Amino acid sequence: MDTNSLVGLPLEILLVEDNPGDVRLTKEALREGKVLHNLSVAEDGVEAMSFLHREGQYSDAPIPDLILLDLNLPRKDGREVLAEVKEDAALKRIPVVVLTTSEAEQDILKTYDLHANCYITKPVDLDQFITIVHSIENFWLTVVKLPPHEQA
Amino acid sequence: MGMNWSFQNRVASWFTAAALILAVVGAVSYRSLTSLIDEMQWVTHTHQVLERLDATLSAVTKAESSQRGYLLTGDKTYLDDYHESLDEVHTALFQVQAITSDNPQQQLNLNYLESSIAARTEQLQHRVDLLQNKGLAAAQQAMVANNGRANMQAVRSDIARMERIEQGLLEQRKQKVQHSARRAILTAFTGIGLSFLILAIVYRLMNREIKQRQQAEQSLQQQSEQVRLLRDIAIASNQATTIEEALQIGLDRMCQYLKWPLGHAYLVDTNGKELLSTKLWHLETPTHFDSFRKITEEQPIPVGKGLPGQVLATTNAVWISDVLQDTNSVKFLRAHIAPEAGIRAGFAFPILVGTQGVGVLEFFSMEPVEPDEDLLAILVPIGSQLGRVVERVRAEAALRQSEERFRSVTESANEAIISADSQSRIIAWNKGAENIFGYTADEILGQSLTKLMPERYHAAHCAGVTRFQATGEARVIGTTVELEGLRKDGNEFPLQLSVSTWQVNGESFYSGIISDITTRKQAAEALERQAQELVRSNTELEQFAYVASHDLQEPLRMVGSYTQLLSKRYKGKLDADADEFINYAVDGATRMQRLINDLLAYSRVGTKGKELKPTDCQAVLNRAINNLQGAIADNGATVTHESLPTVMGDEVQLGQLFQNLIGNAIKFHGEAPPEVHIQARIDENDAEKWLFTVRDNGIGIDPQYGERIFVIFQRLHSKTDYPGTGIGLAICKKIVERHGGSIWIESTVGQGTTFFFTLLAAPTPAESDIMDADKRQPSTEPLARGII
């Protein structure tokens, strides 16, 4: 993965989020960040799985280095997406950050049970939101070592 | 019997003593007398000796004078006298010899006497011989010349010596006799005196015994009279059908026994405060007591007043020896009319039911009479006997009344009141039963109870009756059950039944009270439905509040975020109006967010609460204070507390409770820096609860708002003075109530507020041990544990 950085390739982030307002906020927050990245957006679970499996229009889709996943999604919700990703040998190494408005205990437990890499509640306040997105960016894209991409 | 025996014994022993003393006295007297006789014989003896000595001397003298006569005259008759005198001398001497043989000294003296007499007589004989031989002259010559005088003197002196001795003896013996005589007299007197004494004692003894016997007989007689009196009154009491009849018999019989002319009865009035005179009297001479009777009957007596009042108050008999004396312990209120009636002594005793006085009988005598203790002793049983009549008659009246009441209740009741015998045959059927079931009494009496119940109950009913009669095990009797009944028209209806049972001569009877609860049942069902509805709608409402506030947050976050973004990026780049609008939008969104957060928190108290378990308030409070560090520091607040207990609670919610209350106290501070003090005491009204107080020195709350502050969204101050959503205290109230406690305030405006709330105490370790032990119980059996 460091190869990506070395060759100056932007890090691939998949944001699965049905609320365009949140998509835009996330984009804005990431834009203020320092990490070179490429953000793809899937608006529901089905779309997200197609993206990950490079199906249909996503046949050229990049393999994401990080998935930001909302839980409440139309058609196929975030929990199902998480379960499928973590059961798929090709996808399960991709870190999944659950980013949701839910503070429900059962949601937190459930997602960790499904091997989510972390669970973050979207803060109500804009500044906090921005801070959190920066934290995610900083942590997952610079601090941690991500698994190298396997050549498909 | 024993007393008689001992009495006989005592008399016998006294008589024995008297006989013994008399015997001793007799013996002693006998001895004194015999010795006296001896002494007197000795005196006589001495007299004899003296007399013989005198006789001797006179015989000697006579012999001398006869000899002298013979010598002078020569007359032979003198010579005869002379010889006769000599014989007498010898006889006398012989006699003296004989009677003084016991006295050697006198024998010796006698010897001298004999020899001096012999010398004299020889001289005399010589002269007689001279006369006969030589003639008269020679003899006379010899007589003159001779020293006859000297010889005679010797005889005299010898006799005198002997007489002296005898005189001395006589003196001695006389004294002895006197002494003995005195002793004998003394002895006799003593003996007689003693005998008299014993006789007197025996007399007294017998006298006393006889008196005692007489007294005993008398008191026996009195007792038997009292027993008769008691018996008569008891019999009368048993036979009397009215109180008046019994009391009249009591009065008459008492007066007859006492031989007193006046008796009268009082009864206690219904409220128990006064004695009312009855018209019941025993009057020997009716007209004589008219005024006394009139005054007595007119005057009710308060308890404790006068003779009857005192008797009722103490429930003891009272005796007044003389009503005219004022020294009586009890004041006789009618003393002023007593003289007219001639009344002197009187007594009264209570009629008792149990220990309670229900009336008083009084009796009067025309003479002063001292209290008769024996009589006083039987007055209480007499009073109790009469009381029994009162009790019985009243019980009968009460029974009649109660039967009457029962009948009227039964007849007028809306409930069906039905009785059945042991065969379940209906024996009583009231109007209520007719209304409920539709059968008239004529139609149903004698029919089986099963007619009133749907067929499905028949078997159970019969089994129940059989079981109860066999084992006494009652499932329906004594409780209230709800069942279905069957009306005459065949319709079933819900009923409430309570059954009681009673026994007469070993047969069981049953009574049931049945209410038609159709309406009530419908109402109860409706109420139940409403209650369920309410619970559901409440739950739904809470759920709604939660979901709504949760879902509202999502769009609100958008509004908030983008207005903030707007403000961030374009503030100062547009015109002033835009800036102001953006400000308002940001502010509104922020407030709304806070509101929704609080609303969420409020609804979470009900929906997200945890199970209550022992929670250390000390730790909870410390966390709350820690969370408030910012506010504490900003306001320069001091938060103090005493040691806090462990209560049954939800740790998170209790934390929120403390945090809200302390935060509240800090927030509403006055001029002075806020001071908050937290403490807990055992609740005085409920020892199983702790009463917590959170006291501050803040601005205080007008007591009229004491309730309002706990209502959601209610605020007392403007948002600019004290920002907030008005939900914090509502949350506190909800938390405390969910914990089974209550919360309230006491406050003085300008001086501070104290919040009070109660929480259930955690069980003590001992109690929880017991609970644990109870839980452990089943596991004591290894097999059971294995299966579990």
# chains A, B, ... in the order shown; residues from 1 in each chain; ligands from 1

$ interface_residues --of "chain A" --to "chain B" --cutoff "7 Å" --atoms "only C-alpha atoms" --output "list in words"
Gly21, Val124, Asp125 and Leu126 of chain A

$ write_last_selection --atoms "C-alpha atoms" --output "PDB file, in the first residue's frame"
ATOM      1  CA  GLY A  21     -25.704  16.396   2.756  1.00  0.00           C
ATOM      2  CA  VAL A 124     -24.163  17.087  15.510  1.00  0.00           C
ATOM      3  CA  ASP A 125     -21.811  20.002  15.457  1.00  0.00           C
ATOM      4  CA  LEU A 126     -20.055  20.863  12.216  1.00  0.00           C
TER       5      LEU A 126
END

$ select_by_dssp --residues "chain A" --states "alpha helix (DSSP H)" --output "PyMOL selection string"
chain A and resi 2-6+20-32+45-52+78-87+105-113+126-138

$ atom_distance --atom1 "CA of Glu482 (chain B)" --atom2 "CA of Thr410 (chain B)"
21.0 Å

$ select_by_dssp --residues "chain A" --states "strand (DSSP E)" --output "PyMOL selection string"
chain A and resi 11-16+37-42+66-69+96-100+118-121

$ write_last_selection --atoms "C-alpha atoms" --output "compact mmCIF listing (two decimals), in the first residue's frame"
# COMPACT_ATOMS: atom_id res chain seq x y z
CA LEU A 11 -5.64 6.66 -1.37
CA GLU A 12 -8.97 5.17 -2.39
CA ILE A 13 -11.89 5.81 -0.02
CA LEU A 14 -15.38 4.41 -0.52
CA LEU A 15 -18.09 6.39 1.26
CA VAL A 16 -21.38 4.49 1.52
CA HIS A 37 -7.21 10.72 -1.66
CA ASN A 38 -9.81 9.72 -4.11
CA LEU A 39 -13.37 9.54 -2.71
CA SER A 40 -15.97 7.30 -4.30
CA VAL A 41 -19.57 7.35 -3.12
CA ALA A 42 -22.17 4.64 -3.10
CA LEU A 66 -10.91 2.39 3.45
CA ILE A 67 -14.66 2.10 3.57
CA LEU A 68 -16.75 4.71 5.46
CA LEU A 69 -20.10 3.01 6.01
CA VAL A 96 -14.49 -0.51 7.54
CA VAL A 97 -15.25 2.58 9.63
CA VAL A 98 -18.90 2.68 10.59
CA LEU A 99 -20.03 6.30 10.57
CA THR A 100 -23.58 6.71 11.69
CA CYS A 118 -14.35 1.05 14.33
CA TYR A 119 -17.62 2.70 15.14
CA ILE A 120 -18.08 6.43 15.08
CA THR A 121 -21.20 8.45 15.85

$ closest_residue --among "A:Ala104, A:Val133, A:Ser50, A:Asp113" --to "Val23 (chain A)" --atoms "only C-alpha atoms"
A:Val133

$ residues_around --residues "Asp88 (chain A)" --least-positions-apart "6" --cutoff "12 Å" --atoms "only C-alpha atoms" --output "list in words"
Met49, Leu52, His53, Val81, Leu82 and Ile94 of chain A
